[in-house]
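K.L.:
What follows is a structure written as structure tokens; I'll ask about it next.
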There are 2 protein chains.
Amino acid sequence: MSFEITSELLANITSSIEASNDKAIVALFEEMHYADIAEILDELSFDNVVYIIKLLDSEKTSAVLMELDEDIREKTLQNLSAKEIAEEVEELDSDDAADIIGELSQERQDAVLSQIEDEEHVKEIEELLAYDEDSAGGLMAKELVKVNENWTVLKCVREMRAQAEEVTRVHSIYVVDDNDKLKGRLSLKDLLITSTKTAISEVYIPKVDFVNVHDNLDEVSNKMRKYDLEAIPVVDNDGILLGRITIDDIVDVIKEEADKDYQLAAGLTQDVEADDSILQLTKARLPWLFLGLLGGVGAFLIMVLFENTFDENAVLFFFTPLIAAMAGNVGVQSSAIIVQGLANDDVKGSINSRLIKEMLLAALNGLVLAVFLFGFVWFYEGKVNTALAISVSLVAVIIVAGLIGTFVPLFLNKRGIDPAIATGPFITTSNDIFGILIYFMIAKLILGI
Amino acid sequence: MSFEITSELLANITSSIEASNDKAIVALFEEMHYADIAEILDELSFDNVVYIIKLLDSEKTSAVLMELDEDIREKTLQNLSAKEIAEEVEELDSDDAADIIGELSQERQDAVLSQIEDEEHVKEIEELLAYDEDSAGGLMAKELVKVNENWTVLKCVREMRAQAEEVTRVHSIYVVDDNDKLKGRLSLKDLLITSTKTAISEVYIPKVDFVNVHDNLDEVSNKMRKYDLEAIPVVDNDGILLGRITIDDIVDVIKEEADKDYQLAAGLTQDVEADDSILQLTKARLPWLFLGLLGGVGAFLIMVLFENTFDENAVLFFFTPLIAAMAGNVGVQSSAIIVQGLANDDVKGSINSRLIKEMLLAALNGLVLAVFLFGFVWFYEGKVNTALAISVSLVAVIIVAGLIGTFVPLFLNKRGIDPAIATGPFITTSNDIFGILIYFMIAKLILGI
């Protein structure tokens, strides 16, 4: 039953389009899930995508549009008239509708909105467009089922039959007072298992989790994850119920957040996929690589400084890649732990206590590694001094690298900057330079040259 | 309304325990959410955790146990009698119950199970324990609401009132035939908006997504994410309904998967948190660092091979950190893109086409970077040959690094090994060695030494 895209399927669609055999295409997509259709369209030529979107009725295509690759959707929207977009948008819940319209230029936004008949829908979309897209308001939908605390279960069920038509998925029913102030919630289950004469005020659960419309999405997702919520109501500063956020949207937020951090740690500027064009991938990869190049040049210049001192100690230079690698690895490890801890907000205690802990940790790791290195160099070169110089500076380098890797993300986070940028190439490059500098300075000291 | 742990709160709890003022403690936790209680316990001394778990009634503590840090839960369970654990387990849904019992030794498992009164519950737990924990069966719960296709809506609602008591959250109602074969689903919403006399067979939706009990969790989470499902039924090979998986469990799977990949890319062995002990953190970090050390030693040995050329070409050696860094960064970038693509299963096409694409990409990046490097070396050293040698080998190194970074994860994935281990230190280390070797070979060739 699992869905698979075959080259036959794609070929068959393309030929139907060439033969403009619309019946066949409509029939093919008739029973298909919108997510599957989107997956197919992502594989088709752009003209064919537009052809199909225009062919199928908007009830179907609106959901497909939401699932399309962003760049494909963007291009598609450019090829639809304001009227056509308006038809798509009318089929969507307010949150998706706002997302689509938000991708358009200001003039087109107005053009599209003016084409939407349902005044209520337009008002909702305009309200949602006003919120920051990283805030609860930017993700919430206006569609929800709410009942007045003064109703009976019977009245409530009747009212809901009306409201529920509008709402794609009913999670819980929100109970409000006459001013729309959120009072509590009621699960469908409770409705099903209580007598119809009971008053809502007697059965509803006053304890309800909610978020403020201006809360950051990370807070929202952490809260929904922690309390295993499937939907959470969104209120304004006065506690008035404005909308709700559902877990399926939060799942996407969590996934995108994780992908973004992973790519930053790997030295990729965000939003690049394995199937993107070579040019897109180059744009995503070159900047960090160039940073790495500069770091390498910096390391070179440092070594030039020490060149004359080491004619008889060339071996010191042979260990610079080792030093750089260790400094980089330690830095990435410690920064990654902090970045992840901050994301799951389980980083407690002061920056100082963190740094002290990291210092002990790095010292411990460094000592173990230094012992091995000392043994190797001593055995291989037969010079205790050189072995000592190299392994002592290794410990120093590892400690400094650990401290930088711990401090930078904590510092950025305090400054309100996403600490994730302080992982990967950023930390490795800076650590390469510091590492090699420290390495040569200490080696010089110990060897007394 | 958002929950915060204050040092006052912790101090106050500790003192109440010392004064064995049980009333105060019970009162404090009375109204508190189990996830908040777990967060508090994670901060308390281990003895106090056990004290509180034993004090509060299992209806409350069972949920708390599930939320505790794994190591704390493990230690706590060791301090509870089989009877006490059985009481906790009786309060839990079958999936959570199986998770708790699965963490115990075989003998303790039997001891606990023999203490559970509810035979049905024991049967369910034993069934779940039999499944691989990375399979749908390992995550599903037995609790669900199912109705027979031959019932009427009225009968259905009555039956559900009984079943729903058992089920923490009702998502959709599954429709089965007399043999428990999954026929379709029914949303609570549908129940609420159709007349009670209608027959289920007329209203249920026959099109229902489901997973096989042996499906891998990645498949399950990808499917639930793609189709925005909040719960998915689990069936055996004959289509018999066995259980269901809810989105809140999948959210945790997605988060853990992402954290694990991130940590692997950062050179951490899994499951380490910022607040773990220095010893735990060392155990997580040292292995990869040691790998890096070996890589550095490898680089050293390679340079020794070319030592004799050092005197007149010392500058070559000064660029080895740059070469190593670039090889490492490119390798991490390309492997990260593949690993992420595989996880989101949007890596299409053959391995060869991937490698060709990566080769072009790396060549493009390499050329741009090489031009800069050439300019710098030429300007700084005034030797065209040296500049040429270094920048040409840079291009070669970047291409090889990109190919390794692309091939290794694809290869591991084909072999059924988690490709995520091929990121971070693993790829950087191997690329350091290959990179420096290629660098010197090509430089030697061009400089004719």
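In the structure tokens, chains take letters A, B, ... by order of appearance, with residues numbered from 1 within each chain and ligands from 1 in the order shown.
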Show which residues sit within 10 Å of stretch 252-261 of chain B, as a VMD selection string. Count only C-alpha atoms, and ignore same-chain residues fewer than 3 positions away.
P.N.:
(chain A and resid 225 to 226 228 251 254 to 255 257 to 259 261 to 262 340 344) or (chain B and resid 134 139 217 to 218 220 to 222 225 247 to 249 264 to 272 336 339 to 340 343 418 to 421 423 to 424)
K.L.:
When you look at A:Ser172 with a cut-off of 8 Å (counting only C-alpha atoms), what residues show up, excluding the ones that are within fewer than 3 positions of it in the same chain? I need them as number ranges by chain.
P.N.:
A: 145, 185-188, 231
K.L.:
For the alpha helix (DSSP H) assignment from backbone DSSP, which residues of stretch 127-231 of chain A qualify? Please present them as number ranges by chain.
P.N.:
A: 127-129, 136-139, 153-166, 188-192, 200-203, 217-226
K.L.:
Record the distance separating atom CA of A:Leu447 and atom CA of B:Thr429, expressed in Å with one decimal.
P.N.:
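Between these atoms lies a distance of 28.9 Å.
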K.L.:
For A:Cys156, work out the shell of residues within 12 Å, counting only C-alpha atoms and skipping chain neighbours fewer than 3 positions away, then give it as number ranges by chain.
P.N.:
A: 145-153, 159-164, 173-175, 186, 188, 191-192, 194-201, 203-204; B: 192
K.L.:
I'd like to know which residues of stretch 40-185 of chain B are strand (DSSP E or B) (by DSSP, run on the backbone); could you write them as a ChimeraX atom specification?
P.N.:
/B:135,141,146-148,152,172-176,181-185
K.L.:
Take the residues from that selection and put them in a file with all heavy atoms, as a tab-separated table (two decimals), in the first residue's frame.
P.N.:
```tsv
chain	number	residue	atom	x	y	z
B	135	SER	N	11.08	-1.28	15.63
B	135	SER	CA	10.01	-1.59	14.69
B	135	SER	C	8.70	-0.97	15.19
B	135	SER	O	8.57	-0.59	16.35
B	135	SER	CB	9.83	-3.11	14.59
B	135	SER	OG	9.20	-3.59	15.77
B	141	ALA	N	0.98	0.97	20.87
B	141	ALA	CA	0.22	0.65	22.08
B	141	ALA	C	-0.94	-0.24	21.67
B	141	ALA	O	-1.44	-0.16	20.55
B	141	ALA	CB	-0.30	1.91	22.73
B	146	LYS	N	-11.88	0.48	18.67
B	146	LYS	CA	-12.27	-0.13	17.40
B	146	LYS	C	-13.74	-0.53	17.46
B	146	LYS	O	-14.26	-0.86	18.52
B	146	LYS	CB	-11.40	-1.34	17.10
B	146	LYS	CG	-11.54	-2.49	18.07
B	146	LYS	CD	-10.61	-3.63	17.68
B	146	LYS	CE	-10.67	-4.75	18.73
B	146	LYS	NZ	-9.64	-5.76	18.49
B	147	VAL	N	-14.37	-0.44	16.31
B	147	VAL	CA	-15.80	-0.80	16.22
B	147	VAL	C	-16.00	-1.74	15.05
B	147	VAL	O	-15.21	-1.73	14.10
B	147	VAL	CB	-16.66	0.47	16.02
B	147	VAL	CG1	-16.50	1.41	17.20
B	147	VAL	CG2	-16.31	1.16	14.72
B	148	ASN	N	-17.06	-2.52	15.13
B	148	ASN	CA	-17.35	-3.48	14.08
B	148	ASN	C	-18.14	-2.81	12.96
B	148	ASN	O	-19.05	-2.02	13.22
B	148	ASN	CB	-18.15	-4.64	14.66
B	148	ASN	CG	-18.32	-5.76	13.66
B	148	ASN	OD1	-18.89	-5.55	12.59
B	148	ASN	ND2	-17.79	-6.92	14.01
B	152	THR	N	-24.31	0.03	14.39
B	152	THR	CA	-24.86	1.35	14.03
B	152	THR	C	-24.04	2.40	14.79
B	152	THR	O	-23.35	2.07	15.75
B	152	THR	CB	-26.33	1.49	14.48
B	152	THR	OG1	-26.32	1.42	15.92
B	152	THR	CG2	-27.19	0.39	13.90
B	172	SER	N	-8.60	8.44	15.98
B	172	SER	CA	-9.72	8.01	15.16
B	172	SER	C	-10.15	6.64	15.66
B	172	SER	O	-9.45	6.00	16.42
B	172	SER	CB	-9.37	8.00	13.68
B	172	SER	OG	-8.04	7.64	13.51
B	173	ILE	N	-11.31	6.26	15.23
B	173	ILE	CA	-11.89	4.99	15.62
B	173	ILE	C	-11.64	4.05	14.45
B	173	ILE	O	-11.87	4.40	13.30
B	173	ILE	CB	-13.40	5.16	15.83
B	173	ILE	CG1	-13.64	6.22	16.89
B	173	ILE	CG2	-14.04	3.84	16.18
B	173	ILE	CD1	-14.83	7.08	16.58
B	174	TYR	N	-11.10	2.87	14.75
B	174	TYR	CA	-10.80	1.95	13.68
B	174	TYR	C	-11.94	0.98	13.49
B	174	TYR	O	-12.51	0.46	14.45
B	174	TYR	CB	-9.47	1.24	13.97
B	174	TYR	CG	-8.35	2.23	14.11
B	174	TYR	CD1	-7.64	2.37	15.29
B	174	TYR	CD2	-8.04	3.09	13.05
B	174	TYR	CE1	-6.63	3.31	15.42
B	174	TYR	CE2	-7.03	4.04	13.17
B	174	TYR	CZ	-6.33	4.14	14.35
B	174	TYR	OH	-5.36	5.09	14.47
B	175	VAL	N	-12.28	0.76	12.22
B	175	VAL	CA	-13.39	-0.12	11.88
B	175	VAL	C	-12.82	-1.47	11.44
B	175	VAL	O	-11.93	-1.52	10.59
B	175	VAL	CB	-14.24	0.48	10.74
B	175	VAL	CG1	-15.38	-0.45	10.39
B	175	VAL	CG2	-14.73	1.86	11.15
B	176	VAL	N	-13.28	-2.53	12.07
B	176	VAL	CA	-12.79	-3.88	11.74
B	176	VAL	C	-13.96	-4.79	11.39
B	176	VAL	O	-15.11	-4.49	11.71
B	176	VAL	CB	-12.03	-4.49	12.94
B	176	VAL	CG1	-10.78	-3.68	13.25
B	176	VAL	CG2	-12.93	-4.57	14.15
B	181	LYS	N	-9.96	-7.76	11.16
B	181	LYS	CA	-9.20	-7.25	10.01
B	181	LYS	C	-9.55	-5.78	9.86
B	181	LYS	O	-10.73	-5.40	9.90
B	181	LYS	CB	-9.60	-8.03	8.76
B	181	LYS	CG	-8.59	-8.02	7.64
B	181	LYS	CD	-9.03	-9.03	6.57
B	181	LYS	CE	-8.03	-9.32	5.49
B	181	LYS	NZ	-7.27	-8.20	4.99
B	182	LEU	N	-8.54	-4.94	9.68
B	182	LEU	CA	-8.76	-3.49	9.56
B	182	LEU	C	-9.49	-3.18	8.26
B	182	LEU	O	-9.03	-3.53	7.17
B	182	LEU	CB	-7.42	-2.75	9.59
B	182	LEU	CG	-7.48	-1.23	9.45
B	182	LEU	CD1	-8.16	-0.60	10.66
B	182	LEU	CD2	-6.08	-0.65	9.27
B	183	LYS	N	-10.66	-2.54	8.37
B	183	LYS	CA	-11.44	-2.20	7.17
B	183	LYS	C	-11.35	-0.72	6.84
B	183	LYS	O	-11.37	-0.33	5.68
B	183	LYS	CB	-12.91	-2.57	7.37
B	183	LYS	CG	-13.16	-4.02	7.74
B	183	LYS	CD	-12.95	-4.93	6.56
B	183	LYS	CE	-14.09	-4.74	5.55
B	183	LYS	NZ	-13.97	-5.71	4.44
B	184	GLY	N	-11.24	0.11	7.86
B	184	GLY	CA	-11.21	1.56	7.61
B	184	GLY	C	-11.23	2.31	8.92
B	184	GLY	O	-10.96	1.75	9.98
B	185	ARG	N	-11.52	3.61	8.83
B	185	ARG	CA	-11.54	4.42	10.04
B	185	ARG	C	-12.76	5.32	10.07
B	185	ARG	O	-13.49	5.46	9.08
B	185	ARG	CB	-10.28	5.27	10.13
B	185	ARG	CG	-10.19	6.29	9.04
B	185	ARG	CD	-8.84	7.00	9.04
B	185	ARG	NE	-8.71	7.81	7.85
B	185	ARG	CZ	-9.23	9.02	7.71
B	185	ARG	NH1	-9.95	9.55	8.70
B	185	ARG	NH2	-9.10	9.70	6.59
```
K.L.:
Just the number, please: distance in Å from atom CA of A:Ile399 to atom CA of A:Ala362, one decimal.
P.N.:
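Those two atoms sit 5.0 Å apart.
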K.L.:
Write out as a list in words the residues lying within 12 Å of A:Ala27, counting only C-alpha atoms and excluding same-chain residues fewer than 3 positions away.
P.N.:
Ile13, Ser16, Asn21, Asp22, Lys23, Ala24, Glu30, Glu31, Met32, Leu55 and Leu56 of chain A
K.L.:
Got a sec: who's within 12 Å of stretch 277-285 of chain B, counting only C-alpha atoms, leaving out chain neighbours fewer than 5 positions off, as a PDB file with N, CA and C atoms, in the first residue's frame?
P.N.:
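Listed below is the output, out09.pdb:
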```
ATOM      1  N   MET A 326      42.933  17.997  16.183  1.00  0.00           N
ATOM      2  CA  MET A 326      42.465  17.836  17.560  1.00  0.00           C
ATOM      3  C   MET A 326      41.753  19.092  18.039  1.00  0.00           C
ATOM      4  N   ASN A 329      38.332  19.072  16.323  1.00  0.00           N
ATOM      5  CA  ASN A 329      37.396  18.067  16.845  1.00  0.00           C
ATOM      6  C   ASN A 329      36.890  18.430  18.232  1.00  0.00           C
ATOM      7  N   VAL A 330      37.811  18.820  19.115  1.00  0.00           N
ATOM      8  CA  VAL A 330      37.404  19.172  20.478  1.00  0.00           C
ATOM      9  C   VAL A 330      36.428  20.350  20.443  1.00  0.00           C
ATOM     10  N   GLY A 331      36.755  21.355  19.613  1.00  0.00           N
ATOM     11  CA  GLY A 331      35.887  22.528  19.524  1.00  0.00           C
ATOM     12  C   GLY A 331      34.494  22.154  19.053  1.00  0.00           C
ATOM     13  N   VAL A 332      34.425  21.292  18.027  1.00  0.00           N
ATOM     14  CA  VAL A 332      33.118  20.892  17.497  1.00  0.00           C
ATOM     15  C   VAL A 332      32.341  20.110  18.559  1.00  0.00           C
ATOM     16  N   GLN A 333      33.034  19.196  19.238  1.00  0.00           N
ATOM     17  CA  GLN A 333      32.348  18.407  20.269  1.00  0.00           C
ATOM     18  C   GLN A 333      31.730  19.308  21.327  1.00  0.00           C
ATOM     19  N   SER A 334      32.551  20.204  21.894  1.00  0.00           N
ATOM     20  CA  SER A 334      32.036  20.986  23.014  1.00  0.00           C
ATOM     21  C   SER A 334      30.963  21.964  22.550  1.00  0.00           C
ATOM     22  N   ALA A 336      28.933  21.522  20.030  1.00  0.00           N
ATOM     23  CA  ALA A 336      27.724  20.751  19.698  1.00  0.00           C
ATOM     24  C   ALA A 336      26.921  20.432  20.955  1.00  0.00           C
ATOM     25  N   ILE A 337      27.619  20.035  22.024  1.00  0.00           N
ATOM     26  CA  ILE A 337      26.913  19.705  23.272  1.00  0.00           C
ATOM     27  C   ILE A 337      26.157  20.926  23.779  1.00  0.00           C
ATOM     28  N   ARG A 354      30.065  26.251  33.442  1.00  0.00           N
ATOM     29  CA  ARG A 354      30.213  25.493  32.193  1.00  0.00           C
ATOM     30  C   ARG A 354      31.672  25.444  31.786  1.00  0.00           C
ATOM     31  N   ILE A 356      34.409  25.950  33.526  1.00  0.00           N
ATOM     32  CA  ILE A 356      35.248  25.168  34.444  1.00  0.00           C
ATOM     33  C   ILE A 356      35.080  23.688  34.154  1.00  0.00           C
ATOM     34  N   LYS A 357      33.800  23.267  33.982  1.00  0.00           N
ATOM     35  CA  LYS A 357      33.541  21.849  33.686  1.00  0.00           C
ATOM     36  C   LYS A 357      34.252  21.446  32.405  1.00  0.00           C
ATOM     37  N   GLU A 358      34.106  22.289  31.360  1.00  0.00           N
ATOM     38  CA  GLU A 358      34.724  21.967  30.078  1.00  0.00           C
ATOM     39  C   GLU A 358      36.242  21.904  30.203  1.00  0.00           C
ATOM     40  N   MET A 359      36.798  22.793  31.052  1.00  0.00           N
ATOM     41  CA  MET A 359      38.243  22.814  31.199  1.00  0.00           C
ATOM     42  C   MET A 359      38.724  21.494  31.793  1.00  0.00           C
ATOM     43  N   LEU A 360      38.046  21.049  32.856  1.00  0.00           N
ATOM     44  CA  LEU A 360      38.413  19.762  33.478  1.00  0.00           C
ATOM     45  C   LEU A 360      38.278  18.641  32.458  1.00  0.00           C
ATOM     46  N   LEU A 361      37.161  18.667  31.742  1.00  0.00           N
ATOM     47  CA  LEU A 361      36.882  17.629  30.757  1.00  0.00           C
ATOM     48  C   LEU A 361      37.969  17.590  29.694  1.00  0.00           C
ATOM     49  N   ALA A 362      38.278  18.770  29.145  1.00  0.00           N
ATOM     50  CA  ALA A 362      39.281  18.848  28.084  1.00  0.00           C
ATOM     51  C   ALA A 362      40.640  18.418  28.620  1.00  0.00           C
ATOM     52  N   ALA A 363      40.946  18.857  29.850  1.00  0.00           N
ATOM     53  CA  ALA A 363      42.236  18.488  30.441  1.00  0.00           C
ATOM     54  C   ALA A 363      42.332  16.965  30.548  1.00  0.00           C
ATOM     55  N   LEU A 364      41.230  16.353  30.997  1.00  0.00           N
ATOM     56  CA  LEU A 364      41.213  14.894  31.147  1.00  0.00           C
ATOM     57  C   LEU A 364      41.444  14.220  29.799  1.00  0.00           C
ATOM     58  N   ASN A 365      40.633  14.604  28.791  1.00  0.00           N
ATOM     59  CA  ASN A 365      40.827  14.043  27.448  1.00  0.00           C
ATOM     60  C   ASN A 365      42.241  14.309  26.963  1.00  0.00           C
ATOM     61  N   GLY A 366      42.682  15.566  27.134  1.00  0.00           N
ATOM     62  CA  GLY A 366      43.991  15.958  26.626  1.00  0.00           C
ATOM     63  C   GLY A 366      45.101  15.112  27.212  1.00  0.00           C
ATOM     64  N   LEU A 367      45.056  14.889  28.539  1.00  0.00           N
ATOM     65  CA  LEU A 367      46.108  14.105  29.194  1.00  0.00           C
ATOM     66  C   LEU A 367      46.183  12.704  28.606  1.00  0.00           C
ATOM     67  N   VAL A 368      45.030  12.045  28.498  1.00  0.00           N
ATOM     68  CA  VAL A 368      45.021  10.681  27.952  1.00  0.00           C
ATOM     69  C   VAL A 368      45.679  10.667  26.578  1.00  0.00           C
ATOM     70  N   LEU A 369      45.252  11.605  25.719  1.00  0.00           N
ATOM     71  CA  LEU A 369      45.778  11.627  24.352  1.00  0.00           C
ATOM     72  C   LEU A 369      47.259  11.985  24.344  1.00  0.00           C
ATOM     73  N   GLY A 402      38.508  23.520  23.751  1.00  0.00           N
ATOM     74  CA  GLY A 402      37.280  23.203  24.463  1.00  0.00           C
ATOM     75  C   GLY A 402      36.623  24.455  25.019  1.00  0.00           C
TER      76      GLY A 402
ATOM     77  N   ASP B  71      19.011   7.121  32.938  1.00  0.00           N
ATOM     78  CA  ASP B  71      19.902   6.549  33.976  1.00  0.00           C
ATOM     79  C   ASP B  71      19.267   6.668  35.361  1.00  0.00           C
ATOM     80  N   GLN B 263      24.917  14.441  16.981  1.00  0.00           N
ATOM     81  CA  GLN B 263      26.038  14.097  17.858  1.00  0.00           C
ATOM     82  C   GLN B 263      27.088  13.296  17.111  1.00  0.00           C
ATOM     83  N   LEU B 264      26.639  12.379  16.243  1.00  0.00           N
ATOM     84  CA  LEU B 264      27.602  11.612  15.458  1.00  0.00           C
ATOM     85  C   LEU B 264      28.423  12.554  14.584  1.00  0.00           C
ATOM     86  N   ALA B 266      29.121  15.515  15.175  1.00  0.00           N
ATOM     87  CA  ALA B 266      29.996  16.335  16.021  1.00  0.00           C
ATOM     88  C   ALA B 266      31.052  15.484  16.721  1.00  0.00           C
ATOM     89  N   GLY B 267      31.064  14.177  16.448  1.00  0.00           N
ATOM     90  CA  GLY B 267      32.077  13.323  17.058  1.00  0.00           C
ATOM     91  C   GLY B 267      31.769  12.969  18.493  1.00  0.00           C
ATOM     92  N   LEU B 268      30.471  12.757  18.768  1.00  0.00           N
ATOM     93  CA  LEU B 268      30.082  12.317  20.113  1.00  0.00           C
ATOM     94  C   LEU B 268      29.406  10.967  19.967  1.00  0.00           C
ATOM     95  N   THR B 269      29.785  10.001  20.813  1.00  0.00           N
ATOM     96  CA  THR B 269      29.000   8.778  20.823  1.00  0.00           C
ATOM     97  C   THR B 269      27.674   9.139  21.474  1.00  0.00           C
ATOM     98  N   GLN B 270      26.609   8.499  20.991  1.00  0.00           N
ATOM     99  CA  GLN B 270      25.242   8.937  21.308  1.00  0.00           C
ATOM    100  C   GLN B 270      24.929   9.208  22.783  1.00  0.00           C
ATOM    101  N   ASP B 271      23.746   9.786  22.965  1.00  0.00           N
ATOM    102  CA  ASP B 271      23.116   9.878  24.287  1.00  0.00           C
ATOM    103  C   ASP B 271      23.972  10.578  25.327  1.00  0.00           C
ATOM    104  N   VAL B 272      24.528  11.721  25.001  1.00  0.00           N
ATOM    105  CA  VAL B 272      25.240  12.491  26.011  1.00  0.00           C
ATOM    106  C   VAL B 272      24.584  13.870  26.092  1.00  0.00           C
ATOM    107  N   PHE B 290      40.479  10.090  19.839  1.00  0.00           N
ATOM    108  CA  PHE B 290      41.595   9.168  19.649  1.00  0.00           C
ATOM    109  C   PHE B 290      41.737   8.835  18.166  1.00  0.00           C
ATOM    110  N   LEU B 291      40.603   8.659  17.503  1.00  0.00           N
ATOM    111  CA  LEU B 291      40.626   8.430  16.057  1.00  0.00           C
ATOM    112  C   LEU B 291      41.340   9.595  15.371  1.00  0.00           C
ATOM    113  N   GLY B 292      40.980  10.825  15.808  1.00  0.00           N
ATOM    114  CA  GLY B 292      41.625  12.003  15.229  1.00  0.00           C
ATOM    115  C   GLY B 292      43.123  11.984  15.466  1.00  0.00           C
ATOM    116  N   PRO B 425      34.134  13.179  12.587  1.00  0.00           N
ATOM    117  CA  PRO B 425      35.524  12.769  12.737  1.00  0.00           C
ATOM    118  C   PRO B 425      35.919  11.634  11.799  1.00  0.00           C
TER     119      PRO B 425
END
```
K.L.:
Using only C-alpha atoms for the distances, tell me which of A:Phe317, A:Asp36, A:Lys123, A:Ile323 is nearest to A:Leu394.
P.N.:
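Of A:Phe317, A:Asp36, A:Lys123, A:Ile323, the one nearest A:Leu394 is A:Ile323, counting only C-alpha atoms.
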K.L.:
Just want the 12 Å neighbourhood of A:Glu91, counted on only C-alpha atoms, with same-chain residues fewer than 6 positions away dropped. Output as a PyMOL selection string.
P.N.:
chain A and resi 57-66+84-85+97-98+100+116-118+121+166-168
